[in-house]
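Asker: Quick one, model-v7.tsv (TSV, C-alpha atoms):
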chain	number	residue	atom	x	y	z
Q	1	MET	CA	53.48	131.72	30.11
Q	2	ILE	CA	50.44	133.28	31.82
Q	3	VAL	CA	48.50	135.87	29.79
Q	4	TYR	CA	45.93	138.35	31.14
Q	5	VAL	CA	43.51	139.96	28.69
Q	6	LYS	CA	41.84	143.04	30.22
Q	7	THR	CA	40.96	145.32	27.28
Q	8	GLN	CA	37.17	145.60	27.31
Q	9	GLY	CA	35.60	144.82	23.96
Q	10	ALA	CA	38.62	142.87	22.76
Q	11	LYS	CA	38.20	139.82	20.55
Q	12	ILE	CA	40.45	136.77	20.44
Q	13	VAL	CA	40.63	135.13	17.00
Q	14	LYS	CA	42.60	132.26	15.49
Q	15	GLU	CA	45.13	132.97	12.78
Q	16	GLY	CA	47.13	129.98	11.63
Q	17	LYS	CA	48.69	128.32	14.65
Q	18	HIS	CA	48.47	131.35	16.88
Q	19	LEU	CA	45.87	133.73	18.32
Q	20	LEU	CA	45.36	137.44	17.85
Q	21	VAL	CA	43.93	139.80	20.47
Q	22	LYS	CA	42.09	142.45	18.48
Q	23	LYS	CA	39.88	145.47	19.06
Q	24	GLY	CA	38.38	147.06	16.02
Q	25	ASP	CA	41.00	147.03	13.30
Q	26	GLY	CA	43.92	147.03	15.71
Q	27	VAL	CA	45.89	144.01	16.91
Q	28	TYR	CA	46.90	144.30	20.56
Q	29	ASN	CA	48.91	141.11	20.87
Q	30	THR	CA	49.89	137.87	19.17
Q	31	LEU	CA	49.69	134.74	21.34
Q	32	PHE	CA	51.56	131.56	20.50
Q	33	THR	CA	49.44	128.85	22.08
Q	34	TYR	CA	52.27	126.35	22.42
Q	35	LYS	CA	53.83	128.80	24.92
Q	36	LEU	CA	50.65	129.36	26.94
Q	37	GLU	CA	50.04	127.69	30.30
Q	38	GLN	CA	47.03	129.78	31.32
Q	39	MET	CA	44.99	132.64	29.92
Q	40	VAL	CA	42.90	134.84	32.22
Q	41	LEU	CA	40.11	136.95	30.71
Q	42	PHE	CA	38.55	139.91	32.52
Q	43	GLY	CA	35.07	141.13	31.61
Q	44	ASN	CA	33.81	141.72	28.08
Q	45	ILE	CA	36.25	139.60	26.05
Q	46	GLU	CA	34.96	137.71	23.02
Q	47	ILE	CA	36.54	134.44	21.83
Q	48	THR	CA	35.76	132.93	18.43
Q	49	HIS	CA	35.01	129.23	17.99
Q	50	GLY	CA	38.31	128.68	16.21
Q	51	ALA	CA	40.24	130.30	19.06
Q	52	LEU	CA	38.42	128.17	21.64
Q	53	CYS	CA	39.29	125.01	19.72
Q	54	GLN	CA	42.93	126.12	19.51
Q	55	LEU	CA	43.04	126.65	23.28
Q	56	MET	CA	41.47	123.25	23.96
Q	57	ARG	CA	43.77	121.42	21.55
Q	58	ASN	CA	46.79	122.91	23.32
Q	59	GLY	CA	45.43	122.23	26.80
Q	60	VAL	CA	45.46	125.90	27.85
Q	61	ASP	CA	43.63	126.54	31.13
Q	62	THR	CA	41.36	129.50	30.26
Q	63	VAL	CA	39.84	131.41	33.17
Q	64	PHE	CA	36.88	133.80	32.95
Q	65	LEU	CA	36.58	136.61	35.51
Q	66	SER	CA	34.32	139.62	35.73
Q	67	GLN	CA	35.84	142.99	34.87
Q	68	HIS	CA	36.67	143.50	38.55
Q	69	GLY	CA	38.12	140.05	39.16
Q	70	ARG	CA	35.21	137.95	40.39
Q	71	TYR	CA	35.59	134.32	39.34
Q	72	LEU	CA	33.01	133.13	36.78
Q	73	GLY	CA	34.30	129.85	35.39
Q	74	ARG	CA	36.97	128.23	33.23
Q	75	LEU	CA	37.66	126.21	30.13
Q	76	THR	CA	39.94	123.41	31.31
Q	77	PRO	CA	42.15	120.88	29.54
Q	78	LEU	CA	41.17	117.21	29.37
Q	79	GLU	CA	40.89	115.37	32.67
Q	80	SER	CA	43.91	113.40	33.79
Q	81	LYS	CA	43.87	109.87	32.35
Q	82	ASN	CA	45.15	108.44	35.65
Q	83	VAL	CA	41.83	107.12	36.92
Q	84	PHE	CA	43.63	105.18	39.66
Q	85	LEU	CA	44.99	108.42	41.14
Q	86	ARG	CA	41.53	109.99	41.21
Q	87	LYS	CA	40.13	106.80	42.72
Q	88	ARG	CA	42.80	107.07	45.42
Q	89	GLN	CA	41.77	110.67	46.12
Q	90	TYR	CA	38.15	109.70	46.73
Q	91	LEU	CA	39.03	106.60	48.74
Q	92	MET	CA	41.12	108.75	51.10
Q	93	LEU	CA	38.09	110.92	51.82
Q	94	ALA	CA	36.83	107.96	53.85
Q	95	ASP	CA	40.08	107.82	55.87
Q	96	PRO	CA	39.63	110.25	58.79
Q	97	ALA	CA	43.17	109.73	60.06
Q	98	PHE	CA	44.70	110.75	56.72
Q	99	GLY	CA	42.42	113.78	56.42
Q	100	LEU	CA	43.21	114.90	59.96
Q	101	ARG	CA	46.98	114.61	59.42
Q	102	PHE	CA	46.87	116.55	56.19
Q	103	ALA	CA	44.54	119.26	57.49
Q	104	ARG	CA	46.71	119.66	60.60
Q	105	CYS	CA	49.77	120.29	58.41
Q	106	VAL	CA	47.89	122.83	56.29
Q	107	VAL	CA	46.63	124.77	59.32
Q	108	ALA	CA	50.04	124.62	61.02
Q	109	GLY	CA	51.70	126.05	57.91
Q	110	LYS	CA	49.18	128.86	57.55
Q	111	LEU	CA	49.35	129.84	61.23
Q	112	ALA	CA	53.16	129.73	61.24
Q	113	ASN	CA	53.32	132.02	58.22
Q	114	MET	CA	50.85	134.48	59.76
Q	115	ALA	CA	52.87	134.58	62.99
Q	116	THR	CA	56.07	135.21	61.01
Q	117	VAL	CA	54.52	138.13	59.13
Q	118	LEU	CA	53.27	139.67	62.37
Q	119	MET	CA	56.74	139.41	63.89
Q	120	ARG	CA	58.20	141.13	60.83
Q	121	ILE	CA	55.65	143.91	61.19
Q	122	LYS	CA	56.54	144.24	64.87
Q	123	ARG	CA	60.22	144.73	64.04
Q	124	SER	CA	59.74	146.87	60.93
Q	125	ARG	CA	56.86	149.06	62.10
Q	126	ASN	CA	57.52	149.13	65.86
Q	127	ALA	CA	54.06	147.66	66.48
Q	128	PRO	CA	54.05	145.72	69.78
Q	129	GLU	CA	50.39	144.78	69.26
Q	130	THR	CA	51.42	142.40	66.50
Q	131	TYR	CA	53.83	140.59	68.82
Q	132	ALA	CA	51.02	139.83	71.26
Q	133	ARG	CA	48.84	138.42	68.46
Q	134	ALA	CA	51.74	136.41	67.03
Q	135	LYS	CA	52.30	134.85	70.44
Q	136	LYS	CA	48.63	133.90	70.70
Q	137	ILE	CA	48.76	132.35	67.22
Q	138	LYS	CA	51.78	130.31	68.29
Q	139	ASP	CA	49.83	129.20	71.38
Q	140	ILE	CA	47.06	128.01	69.05
Q	141	MET	CA	49.63	126.08	67.02
Q	142	ASP	CA	50.56	124.16	70.16
Q	143	MET	CA	46.97	122.94	70.37
Q	144	LEU	CA	46.87	121.46	66.86
Q	145	ASP	CA	48.43	118.14	67.88
Q	146	HIS	CA	45.56	117.61	70.31
Q	147	ALA	CA	42.81	118.27	67.75
Q	148	GLU	CA	40.71	115.14	67.33
Q	149	SER	CA	38.71	116.27	64.31
Q	150	ILE	CA	38.99	118.47	61.24
Q	151	ASP	CA	36.19	120.61	62.66
Q	152	SER	CA	38.45	121.42	65.61
Q	153	LEU	CA	41.25	122.36	63.23
Q	154	ARG	CA	38.88	124.66	61.35
Q	155	GLY	CA	38.07	126.34	64.65
Q	156	TYR	CA	41.75	126.87	65.43
Q	157	GLU	CA	42.36	128.22	61.93
Q	158	GLY	CA	39.47	130.63	62.33
Q	159	LYS	CA	40.75	131.91	65.69
Q	160	GLY	CA	44.25	132.36	64.31
Q	161	SER	CA	43.00	134.23	61.24
Q	162	ALA	CA	40.85	136.51	63.40
Q	163	LEU	CA	43.87	137.39	65.54
Q	164	TYR	CA	45.97	137.98	62.44
Q	165	PHE	CA	43.54	140.33	60.74
Q	166	GLU	CA	42.90	142.24	63.99
Q	167	VAL	CA	46.39	143.74	63.65
Q	168	PHE	CA	46.87	143.44	59.89
Q	169	ARG	CA	46.52	147.21	59.54
Q	170	TYR	CA	49.76	147.78	61.45
Q	171	GLY	CA	51.68	146.47	58.45
Q	172	PHE	CA	50.82	149.61	56.48
Q	173	VAL	CA	52.70	152.90	56.63
Q	174	GLU	CA	49.39	154.79	56.47
Q	175	ASP	CA	45.81	154.07	57.50
Q	176	PHE	CA	43.83	152.76	54.52
Q	177	GLY	CA	40.57	152.09	56.36
Q	178	PHE	CA	41.14	148.38	56.96
Q	179	SER	CA	39.52	147.06	60.16
Q	180	LYS	CA	38.94	143.38	59.37
Q	181	ARG	CA	38.75	140.95	56.46
Q	182	VAL	CA	35.56	141.65	54.50
Q	183	ARG	CA	34.97	139.89	51.21
Q	184	ARG	CA	31.43	140.36	49.95
Q	185	PRO	CA	31.78	143.10	49.05
Q	186	PRO	CA	35.24	144.53	49.85
Q	187	THR	CA	34.54	147.82	51.63
Q	188	ASP	CA	37.98	149.41	51.57
Q	189	PRO	CA	41.02	149.46	49.27
Q	190	VAL	CA	42.96	146.80	51.20
Q	191	ASN	CA	40.11	144.29	51.14
Q	192	SER	CA	39.52	145.03	47.48
Q	193	VAL	CA	43.11	144.17	46.57
Q	194	LEU	CA	43.19	141.14	48.89
Q	195	SER	CA	40.12	139.69	47.18
Q	196	LEU	CA	41.64	140.17	43.74
Q	197	LEU	CA	44.98	138.63	44.73
Q	198	TYR	CA	43.29	135.64	46.37
Q	199	THR	CA	41.36	135.04	43.14
Q	200	LEU	CA	44.52	135.22	41.03
Q	201	LEU	CA	46.33	132.92	43.46
Q	202	MET	CA	43.48	130.42	43.47
Q	203	ASN	CA	43.66	130.15	39.69
Q	204	ARG	CA	47.39	129.48	39.76
Q	205	VAL	CA	46.99	126.81	42.45
Q	206	TYR	CA	44.18	125.23	40.41
Q	207	ALA	CA	46.53	125.01	37.42
Q	208	ALA	CA	49.21	123.43	39.63
Q	209	VAL	CA	46.73	120.82	40.88
Q	210	ARG	CA	45.80	119.90	37.32
Q	211	ILE	CA	49.48	119.69	36.31
Q	212	ALA	CA	49.92	117.16	39.13
Q	213	GLY	CA	47.09	115.09	37.61
Q	214	LEU	CA	44.86	115.61	40.64
Q	215	ASP	CA	41.13	116.18	40.85
Q	216	PRO	CA	40.60	119.70	42.29
Q	217	TYR	CA	37.41	118.86	44.21
Q	218	PRO	CA	38.17	116.31	46.99
Q	219	GLY	CA	39.87	118.20	49.83
Q	220	PHE	CA	39.82	118.00	53.61
Q	221	LEU	CA	40.20	121.31	55.45
Q	222	HIS	CA	37.61	122.97	53.21
Q	223	THR	CA	34.38	121.00	53.39
Q	224	LEU	CA	33.09	119.32	50.26
Q	225	ASP	CA	30.40	121.28	48.51
Q	226	TYR	CA	28.83	121.40	45.07
Q	227	GLY	CA	31.27	123.14	42.72
Q	228	ARG	CA	33.89	123.88	45.40
Q	229	TYR	CA	37.54	123.23	44.57
Q	230	SER	CA	38.26	121.99	48.07
Q	231	LEU	CA	41.72	120.58	47.33
Q	232	VAL	CA	42.76	123.79	45.55
Q	233	LEU	CA	41.66	125.84	48.54
Q	234	ASP	CA	43.48	123.51	50.93
Q	235	LEU	CA	46.77	123.80	49.05
Q	236	MET	CA	46.30	127.56	48.67
Q	237	GLU	CA	46.22	128.24	52.42
Q	238	GLU	CA	49.97	128.29	53.05
Q	239	PHE	CA	50.48	130.67	50.10
Q	240	ARG	CA	47.85	133.26	51.07
Q	241	THR	CA	50.23	134.93	53.50
Q	242	ILE	CA	53.41	134.27	51.52
Q	243	VAL	CA	52.16	135.64	48.19
Q	244	ALA	CA	48.99	137.73	48.57
Q	245	ASP	CA	49.17	139.30	52.03
Q	246	THR	CA	52.80	140.38	51.82
Q	247	LEU	CA	52.18	141.72	48.31
Q	248	VAL	CA	49.34	143.91	49.61
Q	249	PHE	CA	51.77	145.55	52.03
Q	250	SER	CA	54.22	146.18	49.19
Q	251	LEU	CA	51.60	147.66	46.88
Q	252	PHE	CA	50.44	150.23	49.41
Q	253	ASN	CA	53.65	150.92	51.32
Q	254	LEU	CA	55.70	151.40	48.15
Q	255	LYS	CA	52.88	153.64	46.85
Q	256	ILE	CA	52.27	151.54	43.78
Q	257	LEU	CA	48.59	152.03	44.63
Q	258	LYS	CA	47.23	155.49	45.49
Q	259	ALA	CA	43.93	157.08	46.46
Q	260	ASP	CA	42.83	157.83	42.90
Q	261	ASP	CA	43.36	154.20	41.92
Q	262	PHE	CA	40.06	153.33	43.63
Q	263	TYR	CA	36.58	154.58	42.96
Q	264	SER	CA	33.82	154.99	45.48
Q	265	ALA	CA	30.98	157.40	46.28
Q	266	VAL	CA	32.70	158.12	49.59
Q	267	PRO	CA	36.36	159.23	49.44
Q	268	VAL	CA	38.73	156.50	50.52
Q	269	SER	CA	41.75	157.04	52.78
Q	270	SER	CA	44.07	159.78	51.58
Q	271	LEU	CA	47.21	158.35	50.03
Q	272	GLU	CA	50.12	160.52	48.91
Q	273	ASN	CA	50.94	160.58	45.23
Q	274	CYS	CA	54.34	159.29	44.25
Q	275	GLU	CA	56.07	160.41	41.06
Q	276	SER	CA	59.08	158.10	41.42
Q	277	PRO	CA	59.45	154.96	39.25
Q	278	THR	CA	57.42	151.93	40.33
Q	279	PRO	CA	59.43	150.12	43.04
Q	280	ASP	CA	60.31	146.43	42.77
Q	281	VAL	CA	57.83	144.57	45.02
Q	282	SER	CA	60.13	141.56	45.21
Q	283	LYS	CA	62.59	143.65	47.30
Q	284	ASP	CA	60.12	144.41	50.10
Q	285	PRO	CA	61.52	142.70	53.24
Q	286	ILE	CA	58.12	141.74	54.69
Q	287	GLY	CA	57.39	139.70	51.58
Q	288	LEU	CA	60.63	137.72	51.33
Q	289	ILE	CA	60.53	133.99	52.04
Q	290	ALA	CA	63.48	134.43	54.43
Q	291	MET	CA	64.75	137.58	56.12
Q	292	ASP	CA	68.01	138.26	57.91
Q	293	GLU	CA	67.92	140.16	61.18
Q	294	THR	CA	69.98	142.87	59.46
Q	295	MET	CA	67.07	143.52	57.11
Q	296	ALA	CA	64.45	143.79	59.81
Q	297	CYS	CA	64.79	147.52	60.32
Q	298	ASN	CA	64.95	148.44	56.63
Q	299	PHE	CA	62.02	147.64	55.68
Q	300	ASP	CA	36.51	137.30	44.91
Q	301	LEU	CA	36.75	133.91	45.34
Q	302	PRO	CA	34.02	131.33	44.61
Q	303	GLU	CA	34.10	129.71	48.03
Q	304	GLN	CA	33.11	130.25	51.66
Q	305	ARG	CA	36.12	131.27	53.70
Q	306	MET	CA	36.57	130.21	57.31
Q	307	ASP	CA	37.71	133.61	58.55
Q	308	GLU	CA	35.35	136.00	56.79
Q	309	GLU	CA	31.95	137.43	57.60
Q	310	PRO	CA	29.56	139.79	55.81
Q	311	ALA	CA	30.21	143.46	56.54
Q	312	SER	CA	28.16	145.11	59.26
Q	313	SER	CA	27.19	148.77	59.02
Q	314	ASP	CA	29.96	149.89	61.38
Q	315	GLN	CA	32.64	148.13	59.33
Q	316	ILE	CA	31.95	149.84	56.02
Q	317	THR	CA	34.75	152.31	55.31
Q	318	GLY	CA	33.92	153.30	51.75
Q	319	LYS	CA	31.25	152.91	49.11
Q	320	TYR	CA	29.67	149.51	48.83
Q	321	PRO	CA	31.93	148.23	47.26
Q	322	VAL	CA	35.38	149.80	46.71
Q	323	MET	CA	36.98	148.83	43.39
Q	324	LEU	CA	40.20	149.32	41.45
Q	325	LYS	CA	40.41	151.44	38.33
Q	326	ALA	CA	41.68	149.85	35.13
Q	327	GLU	CA	45.26	151.14	35.21
Q	328	ALA	CA	45.68	150.21	38.88
Q	329	PHE	CA	44.19	146.81	38.10
Q	330	LYS	CA	46.99	146.26	35.59
Q	331	ARG	CA	49.63	147.29	38.13
Q	332	VAL	CA	48.29	144.77	40.63
Q	333	ILE	CA	48.42	141.97	38.08
Q	334	ASP	CA	51.94	142.94	37.00
Q	335	ALA	CA	53.06	142.99	40.64
Q	336	PHE	CA	51.43	139.60	41.26
Q	337	GLU	CA	53.34	138.05	38.37
Q	338	LYS	CA	56.54	139.74	39.56
Q	339	LYS	CA	55.97	138.28	43.02
Q	340	LEU	CA	55.63	134.78	41.60
Q	341	THR	CA	59.02	135.11	39.88
Q	342	THR	CA	60.75	135.84	43.22
Q	343	GLU	CA	63.17	133.04	44.11
Q	344	PHE	CA	63.81	131.38	47.47
Q	345	PHE	CA	65.57	128.24	48.67
Q	346	TYR	CA	63.13	125.33	48.46
Q	347	ALA	CA	64.49	122.66	50.80
Q	348	PRO	CA	62.75	119.60	49.25
Q	349	ALA	CA	64.39	120.33	45.87
Q	350	GLU	CA	67.61	121.63	47.52
Q	351	ARG	CA	67.77	124.59	45.14
Q	352	GLN	CA	66.41	128.04	44.42
Q	353	ILE	CA	62.97	128.11	42.82
Q	354	THR	CA	60.30	130.77	42.29
Q	355	TYR	CA	57.03	131.09	44.19
Q	356	GLY	CA	55.24	130.12	40.98
Q	357	GLU	CA	57.27	126.94	40.72
Q	358	ALA	CA	56.64	126.24	44.40
Q	359	LEU	CA	52.89	126.06	43.72
Q	360	ILE	CA	53.53	123.23	41.27
Q	361	HIS	CA	56.03	121.50	43.53
Q	362	GLN	CA	53.61	121.55	46.46
Q	363	ALA	CA	50.79	120.03	44.40
Q	364	GLY	CA	53.20	117.29	43.35
Q	365	HIS	CA	54.29	116.88	46.98
Q	366	TYR	CA	50.67	116.36	48.04
Q	367	ARG	CA	50.31	113.70	45.34
Q	368	LYS	CA	53.29	111.84	46.82
Q	369	VAL	CA	51.65	111.98	50.25
Q	370	LEU	CA	48.40	110.72	48.77
Q	371	GLU	CA	50.14	107.80	47.06
Q	372	GLY	CA	52.13	106.90	50.17
Q	373	GLU	CA	55.58	107.89	48.85
Q	374	VAL	CA	55.89	110.54	51.59
Q	375	ASP	CA	54.56	110.24	55.14
Q	376	MET	CA	53.73	113.85	55.96
Q	377	TYR	CA	52.74	116.95	53.98
Q	378	GLN	CA	55.25	119.76	54.52
Q	379	PRO	CA	53.92	123.28	53.82
Q	380	VAL	CA	56.14	126.10	52.54
Q	381	LEU	CA	57.12	128.35	55.43
Q	382	LEU	CA	58.37	131.91	55.68
Q	383	LYS	CA	61.67	132.05	57.56
Would you give me this structure, written as structure tokens?

Answerer:
Amino acid sequence: MIVYVKTQGAKIVKEGKHLLVKKGDGVYNTLFTYKLEQMVLFGNIEITHGALCQLMRNGVDTVFLSQHGRYLGRLTPLESKNVFLRKRQYLMLADPAFGLRFARCVVAGKLANMATVLMRIKRSRNAPETYARAKKIKDIMDMLDHAESIDSLRGYEGKGSALYFEVFRYGFVEDFGFSKRVRRPPTDPVNSVLSLLYTLLMNRVYAAVRIAGLDPYPGFLHTLDYGRYSLVLDLMEEFRTIVADTLVFSLFNLKILKADDFYSAVPVSSLENCESPTPDVSKDPIGLIAMDETMACNFDLPEQRMDEEPASSDQITGKYPVMLKAEAFKRVIDAFEKKLTTEFFYAPAERQITYGEALIHQAGHYRKVLEGEVDMYQPVLLK
């Protein structure tokens, strides 16, 4: 179970074998630590010493974010005792052929998923511009086999991402002021939600990496740097489009997020209010892992990204920055968790699994590649 604590001024205390989330004299929730996989805390949340010890004893990955979702740090379970696996991870850093093969698979998976989303937008939104970009992305994919270095693959990934975000706005029913991917700070509602979702996704991938007994630092596509979870970021790439990007379309197009859900000194794009019940984001056709042709018409992270640049003055579409209000923040988190419970057919396991389970399976799959049980890393692909 994943728990998000967002009530500012709340205090987490130990009571017996469980935890209480309190504010003043009131008890907001009772948490049974044996059920917890991860706890994510936003902003001004106090934890007593006894509660911290309880979390550590039960191996609960505890993540600390700012009130608006910026990653601060985490309290992690004990390191994996498999020192030979970690030794293998670091030895493979000195194997350029292995790193190139793995990075090529990661980039190929990410580009393929971006092209698929653009083709869905073309069919669903009658946006021919997205078809042209999807074709160019597929042309870039043809070049990956000829890349002789990871630096070349990073260049191809960057070009593909630039093409993708050039037409990303066509996936929305209305114009929300998005012109390109801007992270620090997010200058429009779409970028604001993307940054939050990428942070939430990164934390879930981190947990999956630790479940697989892997060290989160030694990766390949993302360069090694002090404090950078390079492996987590590598394994996250294929899921950015599948989970976060498609969810952004659902949140805005189904009007789960509206204009007054964001605050800024400059008014953001006008969104119509919707009084109907909150739609089910898992039913949005753009976000499904596989889509029949009959459905086509029905329709801040602590790392340096390869496809993002600081905002220039002509790119700023709202106040610096644009942020979500508390209630909208909760809706985004609820939708994110709903998205991760969506099932699809996972070929390696030959059965239906959820996106959340796929994160864990893919970390385990990478471990098999690392240990030589499997020859090639196979990313999860939208169909």

Asker: Region 370-376 of chain Q: which residues within 9 Å, counting only C-alpha atoms, same-chain residues fewer than 3 positions away excluded, as an MDAnalysis selection string?

Answerer: chainID Q and resid 85 88:89 92 98 101:102 105 365:367

Asker: When you draw a straight line from CA of Cys53 (chain Q) to CA of Val40 (chain Q), how long is it in Å?

Answerer: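 That distance, rounded to one decimal, is 16.3 Å.
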
Asker: Go ahead and compute the interatomic distance for CA of Gly171 (chain Q) and CA of Asn253 (chain Q), in Å to one decimal.

Answerer: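 Those two atoms sit 8.6 Å apart.
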
Asker: Just give me the gap between CA of Lys6 (chain Q) and CA of Arg210 (chain Q) in Å, one decimal is fine.

Answerer: 24.5 Å

Asker: What lies within 10 Å of Thr241 (chain Q) using only C-alpha atoms, ignoring chain neighbours under 6 positions off, as an MDAnalysis selection string?

Answerer: chainID Q and resid 110:117 198 247:248 287 381:382

Asker: Please return as a list in words every residue within 10 Å of (49.6, 141.4, 41.3), taking into account only C-alpha atoms and the file's own coordinates.

Answerer: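 Residues lying no farther than 10 Å from the given point: Val193, Leu194, Leu196, Leu197, Tyr198, Leu200, Leu201, Val243, Ala244, Leu247, Val248, Leu251, Val281, Ala328, Phe329, Lys330, Arg331, Val332, Ile333, Asp334, Ala335, Phe336, Glu337, Lys338, Lys339 and Leu340 of chain Q.
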
Asker: Selected residues, C-alpha atoms, written as a tab-separated table (two decimals), in the frame of the given file, please.

Answerer:
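Output (selection_8.tsv):
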chain	number	residue	atom	x	y	z
Q	193	VAL	CA	43.11	144.17	46.57
Q	194	LEU	CA	43.19	141.14	48.89
Q	196	LEU	CA	41.64	140.17	43.74
Q	197	LEU	CA	44.98	138.63	44.73
Q	198	TYR	CA	43.29	135.64	46.37
Q	200	LEU	CA	44.52	135.22	41.03
Q	201	LEU	CA	46.33	132.92	43.46
Q	243	VAL	CA	52.16	135.64	48.19
Q	244	ALA	CA	48.99	137.73	48.57
Q	247	LEU	CA	52.18	141.72	48.31
Q	248	VAL	CA	49.34	143.91	49.61
Q	251	LEU	CA	51.60	147.66	46.88
Q	281	VAL	CA	57.83	144.57	45.02
Q	328	ALA	CA	45.68	150.21	38.88
Q	329	PHE	CA	44.19	146.81	38.10
Q	330	LYS	CA	46.99	146.26	35.59
Q	331	ARG	CA	49.63	147.29	38.13
Q	332	VAL	CA	48.29	144.77	40.63
Q	333	ILE	CA	48.42	141.97	38.08
Q	334	ASP	CA	51.94	142.94	37.00
Q	335	ALA	CA	53.06	142.99	40.64
Q	336	PHE	CA	51.43	139.60	41.26
Q	337	GLU	CA	53.34	138.05	38.37
Q	338	LYS	CA	56.54	139.74	39.56
Q	339	LYS	CA	55.97	138.28	43.02
Q	340	LEU	CA	55.63	134.78	41.60

Asker: For Phe220 (chain Q), list every protein, DNA or RNA residue within 10 Å, evaluated using all atoms listed in the file, and leave out those in the same chain fewer than 5 positions away; present the list as a tab-separated table (two decimals) with C-alpha atoms, keeping the file's coordinate frame.

Answerer:
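New file part.tsv:
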chain	number	residue	atom	x	y	z
Q	92	MET	CA	41.12	108.75	51.10
Q	93	LEU	CA	38.09	110.92	51.82
Q	96	PRO	CA	39.63	110.25	58.79
Q	98	PHE	CA	44.70	110.75	56.72
Q	99	GLY	CA	42.42	113.78	56.42
Q	100	LEU	CA	43.21	114.90	59.96
Q	101	ARG	CA	46.98	114.61	59.42
Q	102	PHE	CA	46.87	116.55	56.19
Q	103	ALA	CA	44.54	119.26	57.49
Q	104	ARG	CA	46.71	119.66	60.60
Q	106	VAL	CA	47.89	122.83	56.29
Q	150	ILE	CA	38.99	118.47	61.24
Q	230	SER	CA	38.26	121.99	48.07
Q	231	LEU	CA	41.72	120.58	47.33
Q	233	LEU	CA	41.66	125.84	48.54
Q	234	ASP	CA	43.48	123.51	50.93

Asker: Which of these, Q:Ala94, Q:Ile360, Q:Val322, Q:Leu72, has the shortest distance to Gly177 (chain Q) once you count only C-alpha atoms?

Answerer: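 Distance minimum relative to Gly177 (chain Q) lands on Q:Val322.
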
Asker: Which is closer to Thr187 (chain Q) than all the others in Q:Phe262, Q:Phe239, Q:Phe64, Q:Phe252, using all atoms listed in the file?

Answerer: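 Going through Q:Phe262, Q:Phe239, Q:Phe64, Q:Phe252 one by one, the smallest distance to Thr187 (chain Q) is for Q:Phe262.
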
Asker: Between Q:Pro379, Q:Pro186, Q:Gly43, Q:Gly160, which residue has the minimum interatomic distance to Leu144 (chain Q), considering all atoms listed in the file?

Answerer: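 Using all atoms listed in the file, the shortest distance to Leu144 (chain Q) belongs to Q:Gly160.
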
Asker: Which residue, Q:Val369, Q:Met141, Q:Ala207, Q:Val190, has the smallest gap to Leu75 (chain Q) when you use only C-alpha atoms?

Answerer: Q:Ala207
